[in-house]
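Trainee: Starting off with a structure, shown below.
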Amino acid sequence: LDRALRVPVAQLISASGTPYDTVANGSGPTYADMVTPAGLKEISTYADWIGPEKSLVIPNKADGTIGTPTPLVRNAHEVGLKLVPYTFRNENQFLPVDLRNGTVPSDYGQALREYELFYRTGIDAVFSDNPDTAVLARSLFAKKR
């Protein structure tokens, strides 16, 4: 597709499981294999971006609070891949527990803080259900640099 369409290609990567084509073919990498340095190098032969689940960039700790960044951003950039993690949302139920405001799952939490933590890792873009918040967060982060 990369050569035929001449558009940037992104490989989406889940935090668990195996891509359907791997299952259908009976062989191939799991998502865990894809985020290793060797897996990222292979992806760079056919894609320009990876779209990892957010937890592959910054996982939550066992208590649900936000953890520390993994080496995924650095490793992907080393082989020329850009990163666009998914999916950022404003509601408490989608945020680490330490970034929630109150206990109502549908209330907005501290999404801007989450974006900032992810932008600090060096990610290149985000998938968001709230693009207005994503743009604001990017602007605020750029001002701090």
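Please note that chains go A, B, ... in the order of the structure tokens, that every chain numbers its residues from 1, and that ligands are numbered from 1 in the order shown.
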Mind checking DSSP for region 15-114 of chain A and telling me the strand (DSSP E or B) residues as a PyMOL selection string?

Mentor: chain A and resi 49-53+60+66+82-83+86+88+91+108

Trainee: I need the residues from that last selection saved to file as an mmCIF file, in the first residue's frame (with C-alpha atoms), if you can.

Mentor:
```cif
data_model
loop_
_atom_site.group_PDB
_atom_site.id
_atom_site.type_symbol
_atom_site.label_atom_id
_atom_site.label_comp_id
_atom_site.auth_asym_id
_atom_site.auth_seq_id
_atom_site.Cartn_x
_atom_site.Cartn_y
_atom_site.Cartn_z
ATOM 1 C CA TRP A 49 3.797 5.954 11.633
ATOM 2 C CA ILE A 50 2.759 3.692 14.447
ATOM 3 C CA GLY A 51 -0.490 4.238 16.288
ATOM 4 C CA PRO A 52 0.023 2.507 19.620
ATOM 5 C CA GLU A 53 -2.585 2.254 22.318
ATOM 6 C CA ASN A 60 -0.873 3.084 34.292
ATOM 7 C CA ILE A 66 -0.262 7.255 35.581
ATOM 8 C CA LYS A 82 6.480 8.755 14.018
ATOM 9 C CA LEU A 83 3.970 8.040 16.798
ATOM 10 C CA TYR A 86 -4.786 6.516 20.703
ATOM 11 C CA PHE A 88 -7.319 10.531 24.185
ATOM 12 C CA GLU A 91 -13.898 12.025 30.643
ATOM 13 C CA TYR A 108 -14.269 15.930 32.540
#
```

Trainee: So which residues touch Thr121 (chain A) within 12 Å, counting only C-alpha atoms, skipping near sequence neighbours fewer than 4 positions away, as an MDAnalysis selection string?

Mentor: chainID A and resid 54 56:58 68:77 83:85 114:117 125 141
